[in-house]
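One structure below.
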Amino acid sequence: MVRLFASFLALVCLMPLAASAHGPSRQKVVETVDINAPADKVWAVVGNFQDMGWHPAFKKTEGKGGNDVGATRTLTVEGGGQIFEKLTKYNAEGKTLSYEITEVDVKVVPVTNYSASFTVTPEGDKSKVEWKGAFYRGYVNNDPPPELSDEAAVKAVTGVYKSGLEALKKKLEGG
């Protein structure tokens with residue numbers, strides 16, 4: 001009985017160490033914008049996987065495969081970094097697409113294992129656009145440096161989404 005109690009006590013004492021030993025947790029970001037334009041007009045801009053020209057962070061988009069699942073694109077950011085992505089789902093009728101980053105330097109975007117979806121929903125003669133992503137921070141081990149932490153990853157992705165959605169709204173509303 002004493003041995004059983006000692007084993008239980010040791011287990012209880014070690015549990016906090018085990019809890020802190022696991023790696024990073026999956027982070028999520030969801031941003032939306034309401035646009036005063038019909039969904040078909042919005043989708044005509046964002047539904048082409050090969051063209052991110054509407055987003056101010058990307059100075060160049062190159063790709064292969066059009067809007068077919070498996071299509072790829074390379075986004076070149078200001079400053080010369082590149083992000084390589086692959087289309088994983090595409091539904092023109094439902095106005096939604098999903099993609100993943102296949103390769104990126106964490107100095108460009110401090111994330112790993114990133115996947116996202118983009119959806120345009122009609123709301124009368126207006127639209128709601130949702131950009132949703134899930135990812136891990138850029139540093140996969142414990143005790144990340146600040147620039148590769150969960151907070152840095154969430155901040156970077158949130159910034160990309162917000163600036164892109166603001167630019168999209170401005171482009172489509174003519175502002």
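Identifiers for the structure tokens are assigned positionally: chains receive A, B, ... in sequence, residues are indexed from 1 per chain, and ligands are indexed from 1 in the order shown.
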- Task: Mind checking which residues fall within 10 Å of A:Gly80, counting only C-alpha atoms, ignoring those fewer than 6 positions away in the same chain, and posting them as a list of chain:residue names?
- Result: A:Phe58, A:Lys59, A:Lys60, A:Val108
- Message: Would you pick out the contacts of A:Tyr90 at 10 Å or less, using only C-alpha atoms, so that residues sharing its chain but fewer than 2 positions from it are not included, and give the list as a PyMOL selection string?
- Response: chain A and resi 47-49+67-70+87-88+92-99+117-118
Contacts of stretch 127-171 of chain A with stretch 22-29 of chain A up to 6 Å, shortest pair per row, only C-alpha atoms, as JSON lines:
```
{"residue": "A:Lys132", "atom": "CA", "partner": "A:Val29", "partner_atom": "CA", "distance": 5.8}
{"residue": "A:Gly133", "atom": "CA", "partner": "A:Val29", "partner_atom": "CA", "distance": 5.4}
{"residue": "A:Ala134", "atom": "CA", "partner": "A:Lys28", "partner_atom": "CA", "distance": 4.4}
{"residue": "A:Phe135", "atom": "CA", "partner": "A:Gln27", "partner_atom": "CA", "distance": 5.4}
{"residue": "A:Tyr136", "atom": "CA", "partner": "A:Arg26", "partner_atom": "CA", "distance": 5.0}
{"residue": "A:Asn141", "atom": "CA", "partner": "A:Gly23", "partner_atom": "CA", "distance": 5.7}
{"residue": "A:Asn142", "atom": "CA", "partner": "A:Gly23", "partner_atom": "CA", "distance": 5.7}
```
Output file for the selection above: C-alpha atoms, as a CSV table (one decimal), in the first residue's frame:
```csv
chain,number,residue,atom,x,y,z
A,132,LYS,CA,-9.3,31.3,-42.1
A,133,GLY,CA,-6.0,29.6,-41.3
A,134,ALA,CA,-4.4,27.1,-39.0
A,135,PHE,CA,-0.7,26.6,-38.4
A,136,TYR,CA,2.1,26.0,-35.9
A,141,ASN,CA,10.6,22.9,-30.2
A,142,ASN,CA,10.0,24.3,-26.7
```
- Message: With only C-alpha atoms as the counted atoms, please give the residues lying no more than 6 Å from stretch 147-156 of chain A, apart from itself and same-chain residues fewer than 3 positions off, as an MDAnalysis selection string.
- Response: chainID A and resid 110:111 137:139 144 159
List every residue of stretch 65-175 of chain A that DSSP, applied to the backbone, labels as helix (DSSP H, G or I), and write the result as a tab-separated table (two decimals) with N, CA, C and O atoms, in the first residue's frame.
```tsv
chain	number	residue	atom	x	y	z
A	146	PRO	N	11.55	34.87	-29.51
A	146	PRO	CA	10.34	35.71	-29.67
A	146	PRO	C	9.85	35.82	-31.11
A	146	PRO	O	8.65	35.81	-31.35
A	147	GLU	N	10.76	35.89	-32.07
A	147	GLU	CA	10.35	36.06	-33.46
A	147	GLU	C	9.74	34.81	-34.09
A	147	GLU	O	9.18	34.86	-35.18
A	148	LEU	N	9.81	33.67	-33.39
A	148	LEU	CA	9.25	32.42	-33.89
A	148	LEU	C	8.24	31.81	-32.93
A	148	LEU	O	7.92	30.63	-32.99
A	150	ASP	N	4.43	31.53	-30.76
A	150	ASP	CA	3.01	31.49	-31.13
A	150	ASP	C	2.50	32.91	-31.39
A	150	ASP	O	1.79	33.14	-32.37
A	151	GLU	N	2.86	33.83	-30.52
A	151	GLU	CA	2.39	35.21	-30.66
A	151	GLU	C	2.87	35.84	-31.96
A	151	GLU	O	2.13	36.53	-32.64
A	152	ALA	N	4.14	35.60	-32.32
A	152	ALA	CA	4.69	36.14	-33.56
A	152	ALA	C	3.98	35.55	-34.77
A	152	ALA	O	3.67	36.26	-35.74
A	153	ALA	N	3.69	34.25	-34.72
A	153	ALA	CA	3.01	33.59	-35.83
A	153	ALA	C	1.60	34.15	-36.00
A	153	ALA	O	1.18	34.48	-37.12
A	154	VAL	N	0.86	34.25	-34.90
A	154	VAL	CA	-0.52	34.77	-34.96
A	154	VAL	C	-0.50	36.22	-35.46
A	154	VAL	O	-1.32	36.60	-36.31
A	155	LYS	N	0.41	37.01	-34.96
A	155	LYS	CA	0.50	38.42	-35.38
A	155	LYS	C	0.79	38.53	-36.87
A	155	LYS	O	0.18	39.34	-37.57
A	156	ALA	N	1.73	37.72	-37.37
A	156	ALA	CA	2.08	37.77	-38.79
A	156	ALA	C	0.91	37.37	-39.67
A	156	ALA	O	0.58	38.06	-40.65
A	157	VAL	N	0.26	36.26	-39.35
A	157	VAL	CA	-0.86	35.79	-40.17
A	157	VAL	C	-2.02	36.78	-40.09
A	157	VAL	O	-2.63	37.11	-41.11
A	158	THR	N	-2.32	37.27	-38.90
A	158	THR	CA	-3.40	38.26	-38.75
A	158	THR	C	-3.10	39.49	-39.61
A	158	THR	O	-3.99	40.01	-40.29
A	159	GLY	N	-1.86	39.93	-39.61
A	159	GLY	CA	-1.48	41.09	-40.42
A	159	GLY	C	-1.66	40.85	-41.91
A	159	GLY	O	-2.16	41.72	-42.63
A	160	VAL	N	-1.28	39.66	-42.38
A	160	VAL	CA	-1.45	39.32	-43.79
A	160	VAL	C	-2.94	39.30	-44.15
A	160	VAL	O	-3.35	39.86	-45.17
A	161	TYR	N	-3.74	38.67	-43.32
A	161	TYR	CA	-5.17	38.58	-43.59
A	161	TYR	C	-5.83	39.96	-43.58
A	161	TYR	O	-6.57	40.31	-44.50
A	162	LYS	N	-5.58	40.74	-42.53
A	162	LYS	CA	-6.22	42.05	-42.42
A	162	LYS	C	-5.84	42.98	-43.56
A	162	LYS	O	-6.70	43.63	-44.16
A	163	SER	N	-4.55	43.06	-43.87
A	163	SER	CA	-4.12	43.97	-44.94
A	163	SER	C	-4.68	43.51	-46.28
A	163	SER	O	-5.07	44.33	-47.12
A	164	GLY	N	-4.74	42.19	-46.49
A	164	GLY	CA	-5.29	41.68	-47.74
A	164	GLY	C	-6.78	41.95	-47.87
A	164	GLY	O	-7.25	42.38	-48.93
A	165	LEU	N	-7.53	41.70	-46.81
A	165	LEU	CA	-8.97	41.93	-46.86
A	165	LEU	C	-9.30	43.42	-46.99
A	165	LEU	O	-10.24	43.79	-47.70
A	166	GLU	N	-8.52	44.29	-46.34
A	166	GLU	CA	-8.73	45.72	-46.49
A	166	GLU	C	-8.47	46.16	-47.93
A	166	GLU	O	-9.23	46.96	-48.49
A	167	ALA	N	-7.40	45.65	-48.53
A	167	ALA	CA	-7.08	45.98	-49.92
A	167	ALA	C	-8.15	45.46	-50.87
A	167	ALA	O	-8.52	46.13	-51.84
A	168	LEU	N	-8.65	44.25	-50.60
A	168	LEU	CA	-9.70	43.67	-51.43
A	168	LEU	C	-10.96	44.53	-51.37
A	168	LEU	O	-11.57	44.85	-52.41
A	169	LYS	N	-11.34	44.94	-50.18
A	169	LYS	CA	-12.52	45.80	-50.01
A	169	LYS	C	-12.34	47.12	-50.78
A	169	LYS	O	-13.23	47.55	-51.51
A	170	LYS	N	-11.18	47.71	-50.63
A	170	LYS	CA	-10.90	48.98	-51.31
A	170	LYS	C	-10.97	48.81	-52.82
A	170	LYS	O	-11.55	49.63	-53.53
A	171	LYS	N	-10.37	47.74	-53.33
A	171	LYS	CA	-10.36	47.47	-54.77
A	171	LYS	C	-11.78	47.30	-55.31
A	171	LYS	O	-12.15	47.88	-56.33
A	172	LEU	N	-12.58	46.52	-54.59
A	172	LEU	CA	-13.92	46.20	-55.09
A	172	LEU	C	-14.95	47.32	-54.87
A	172	LEU	O	-15.93	47.40	-55.60
A	173	GLU	N	-14.71	48.14	-53.87
A	173	GLU	CA	-15.65	49.23	-53.61
A	173	GLU	C	-15.17	50.53	-54.28
A	173	GLU	O	-15.84	51.56	-54.17
```
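From atom CA of A:Thr74 back to atom CA of A:Lys89, the distance works out to 17.3 Å.
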Which residues of stretch 57-143 of chain A sit at most 9 Å from stretch 32-41 of chain A, using only C-alpha atoms? Give each one's shortest atom pair and distance in Å (one decimal place), in chain and ascending residue order, as a tab-separated table.
```
residue	atom	partner	partner_atom	distance
A:Lys95	CA	A:Ala39	CA	8.2
A:Val120	CA	A:Ala39	CA	6.3
A:Thr121	CA	A:Ala39	CA	6.4
A:Pro122	CA	A:Ala39	CA	5.0
A:Glu123	CA	A:Ala39	CA	7.9
A:Gly124	CA	A:Pro38	CA	7.6
A:Asp125	CA	A:Pro38	CA	4.9
A:Lys126	CA	A:Ala37	CA	4.7
A:Ser127	CA	A:Ala39	CA	5.2
A:Lys128	CA	A:Asp34	CA	4.5
A:Val129	CA	A:Val33	CA	5.4
A:Glu130	CA	A:Thr32	CA	4.4
A:Trp131	CA	A:Thr32	CA	6.3
A:Lys132	CA	A:Thr32	CA	8.5
```
Pull C-alpha atoms from the residues just selected and write them as a compact mmCIF listing (two decimals), in the first residue's frame.
```txt
# COMPACT_ATOMS: atom_id res chain seq x y z
CA LYS A 95 -17.04 30.27 -53.79
CA VAL A 120 -17.00 34.40 -50.27
CA THR A 121 -20.61 34.36 -49.02
CA PRO A 122 -23.37 36.34 -50.73
CA GLU A 123 -25.40 38.62 -48.47
CA GLY A 124 -27.99 40.12 -50.81
CA ASP A 125 -26.11 42.40 -53.19
CA LYS A 126 -23.14 42.45 -50.80
CA SER A 127 -20.58 39.85 -49.72
CA LYS A 128 -18.84 38.54 -46.65
CA VAL A 129 -15.30 37.27 -47.16
CA GLU A 130 -13.72 34.94 -44.62
CA TRP A 131 -10.03 34.02 -44.57
CA LYS A 132 -9.29 31.29 -42.08
```
- Message: as a PyMOL selection string, please: every residue in stretch 17-151 of chain A that DSSP puts in strand (DSSP E).
- Response: chain A and resi 27-35+58-64+72-77+82-91+96-104+111-123+126-137
- Which one is closest to A:Val77: A:Val46, A:Asn91, A:Val109, A:Gly63? Count only C-alpha atoms. A:Val109
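When only C-alpha atoms are used to measure the gap to A:Trp43, the shortest distance among A:Thr102, A:Thr61, A:Thr72, A:Thr119 belongs to A:Thr119.
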